[in-house]
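A short write-up of the structure that comes next.
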Amino acid sequence: MLVAPLAIAAILGFAFAGNASTASVPIGVTGASPALVRAAVQASQLPPNVSVHFVAGEDALKREVADGTLDGGIAVRRGHKSLGHLLIPMVAPGATPSPGFDVVDRGNALIGQEYAESLAAGLASRLYAGRLYRGTATDPAAISIQTGMVGNGGKAVLNYFAPSIAVVFLFIGSGLGMRSLLMERATGTLARLVAAPIRPRSIVWGKLLAIALTGLSSILVVWGVTAAVFGADWGAPLGVLLMCLGATAAVCGLGTFLTSFARTPQEAFAASLIVGLVLALLGGNLLPPGALPEFLQVLSLGTPNGWALVGFGRLALLHDPASSVLGPFAVLCVIALVTGGLAMTRIRRMVTP
């Protein structure tokens, strides 16, 4: 019982302590003079491990961020920038739209994105200061306030965590569903079914099919409600449907396999809950994989929920087409076949006391 709490504490510790890493974080800048960048770096108070590099052109900047040479970048666009435009990067770093600036980021380099947004705020502050007129502070100033929405209003967070949390409950629900099989075994219901001309395999398959349909319905309901009521955008509908099917199959297969080792309904409940929470932390359901240390990001690809979030992330965050999730969908199908096949080898153990 001590293993699960220690594992959860270790993952949380690595996730939050890992952000203080001293590893080098290269950030690229294009479209700004060296003097302006130096002033912006000083204003941003970037840590020593962040290095700023000049890049020739926005296309080169995007290419170097994409291939991993840089962890993030800022393209300063030419043209007139009003004082109101310059305020946006300072009061809402990363806001969309942010006139005059283009923050280039990569999905698995969230720290680089944060430092790039901080540097963009520093650039905006120096440009803003340079536009102010020198004068005295003795004359009264007329101040007008205009409110407006900047950024995405939290929709990007909802787009990620809506399918993420749905997958967590999908796993816990599948474990609890198979727990009912053990309860029927304990009460003697399965013994009477086995005595009838019904094969044990048919009993387990019937239970598994009911759990899978319930799980699929639950994740589809979450999709529909978050999209219709809260305006979440999960991405291309066909791709979302494929990921829902793949995630349901993989999670149900894994839940059935783990439950087959339980001797009592209480053991099945504990196993589904503990393993579900550990996989949720490791796979990125509660913490985005980009916020974890690199070795935990690799380990997340060993979990079905990790692969499910790869597919959902491509659809919701990168707005890729449905064809982009064929790889994650295939991996989830393999996980479902392997774990489900192993569970089927323990059918007699599952239906007999």
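In the structure tokens, chains take the letters A, B, ... in the order shown, each chain's residues start at 1, and ligands count up from 1 in the order shown.
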Selection near His53 in chain A, 12 Å with only C-alpha atoms, sequence-local residues under 2 positions removed, as a short mmCIF file (atom, residue, chain, number, x, y, z; two decimals) with C-alpha atoms, in the first residue's frame:
```cif
data_model
loop_
_atom_site.label_atom_id
_atom_site.label_comp_id
_atom_site.auth_asym_id
_atom_site.auth_seq_id
_atom_site.Cartn_x
_atom_site.Cartn_y
_atom_site.Cartn_z
CA VAL A 25 16.83 27.14 -22.77
CA PRO A 26 17.66 28.82 -26.10
CA ILE A 27 15.20 31.47 -27.30
CA GLY A 28 15.35 33.00 -30.76
CA VAL A 29 14.48 36.56 -31.79
CA THR A 30 14.04 38.04 -35.25
CA GLY A 31 13.04 41.52 -36.37
CA ALA A 32 14.56 43.43 -33.42
CA SER A 33 17.83 45.31 -32.99
CA PRO A 34 20.52 43.97 -30.62
CA VAL A 37 16.88 42.81 -27.27
CA ARG A 38 19.51 43.52 -24.60
CA VAL A 41 16.36 40.74 -21.59
CA VAL A 50 18.03 31.24 -20.81
CA SER A 51 20.08 32.30 -23.82
CA VAL A 55 17.75 34.50 -36.17
CA ALA A 56 17.58 35.79 -39.72
CA LEU A 61 12.91 30.96 -36.58
CA GLU A 64 14.66 26.04 -35.68
CA VAL A 65 11.91 25.90 -33.07
CA THR A 69 17.35 23.88 -32.03
CA LEU A 70 15.41 26.54 -30.12
CA ASP A 71 12.86 26.06 -27.35
CA GLY A 72 10.88 29.12 -28.38
CA GLY A 73 11.09 32.38 -30.30
CA ILE A 74 9.67 35.82 -30.94
CA ALA A 75 9.17 37.41 -34.34
CA ALA A 116 9.49 33.51 -25.02
CA LEU A 119 10.79 38.15 -23.47
#
```
- Query: If we count only C-alpha atoms, what is near Leu170 in chain A at a cut-off of 10 Å, once residues fewer than 3 positions away on the same chain are taken out, given as a list of chain:residue names?
  - Reply: A:Ser164, A:Ile165, A:Ala166, A:Val167, A:Gly173, A:Ser174, A:Gly175, A:Leu176, A:Ile211, A:Ala212, A:Thr214, A:Gly215, A:Leu216, A:Ser217, A:Ser218, A:Ile219, A:Ala247, A:Thr248, A:Val251, A:Cys252, A:Gly255, A:Gly276, A:Asn305
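Distance annotation: of A:Val298, A:Ile335, A:Ala109, A:Leu36, the residue with the minimal separation from Ala124 in chain A is A:Leu36; atom set is only C-alpha atoms.
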- Task: Write out as a VMD selection string which residues come within 8 Å of Phe329 in chain A when counting only C-alpha atoms, dropping same-chain ones fewer than 5 positions away.
- Result: chain A and resid 242 to 243 246 to 247 308 311
Could you dump the residues just selected with C-alpha atoms as a compact mmCIF listing (two decimals), in the first residue's frame?
```
# COMPACT_ATOMS: atom_id res chain seq x y z
CA LEU A 242 -11.53 7.42 -33.68
CA MET A 243 -9.71 8.47 -30.51
CA GLY A 246 -9.40 3.59 -29.44
CA ALA A 247 -9.21 4.98 -25.89
CA ALA A 308 -4.93 8.95 -26.15
CA GLY A 311 -4.18 12.03 -30.45
```
- Message: List as number ranges by chain the protein and nucleic acid residues near range 263-267 of chain A, meaning an atom at most 8 Å away when only C-alpha atoms are counted, but skip any in the same chain fewer than 6 places from it.
- Response: A: 179-180, 182-183, 186
- Note on the structure: One residue among A:Ala268, A:Ala236, A:Leu208, A:Leu273 is nearest to Val168 in chain A when using only C-alpha atoms, and that residue is A:Leu273
- Query: Distance CA of Leu281 in chain A-CA of Leu46 in chain A, one decimal place?
  - Reply: 29.4 Å
- Polymer residues at most 12 Å from Gly313 in chain A, only C-alpha atoms, same-chain spacing of 3 or more positions, as a count of residues only: 39
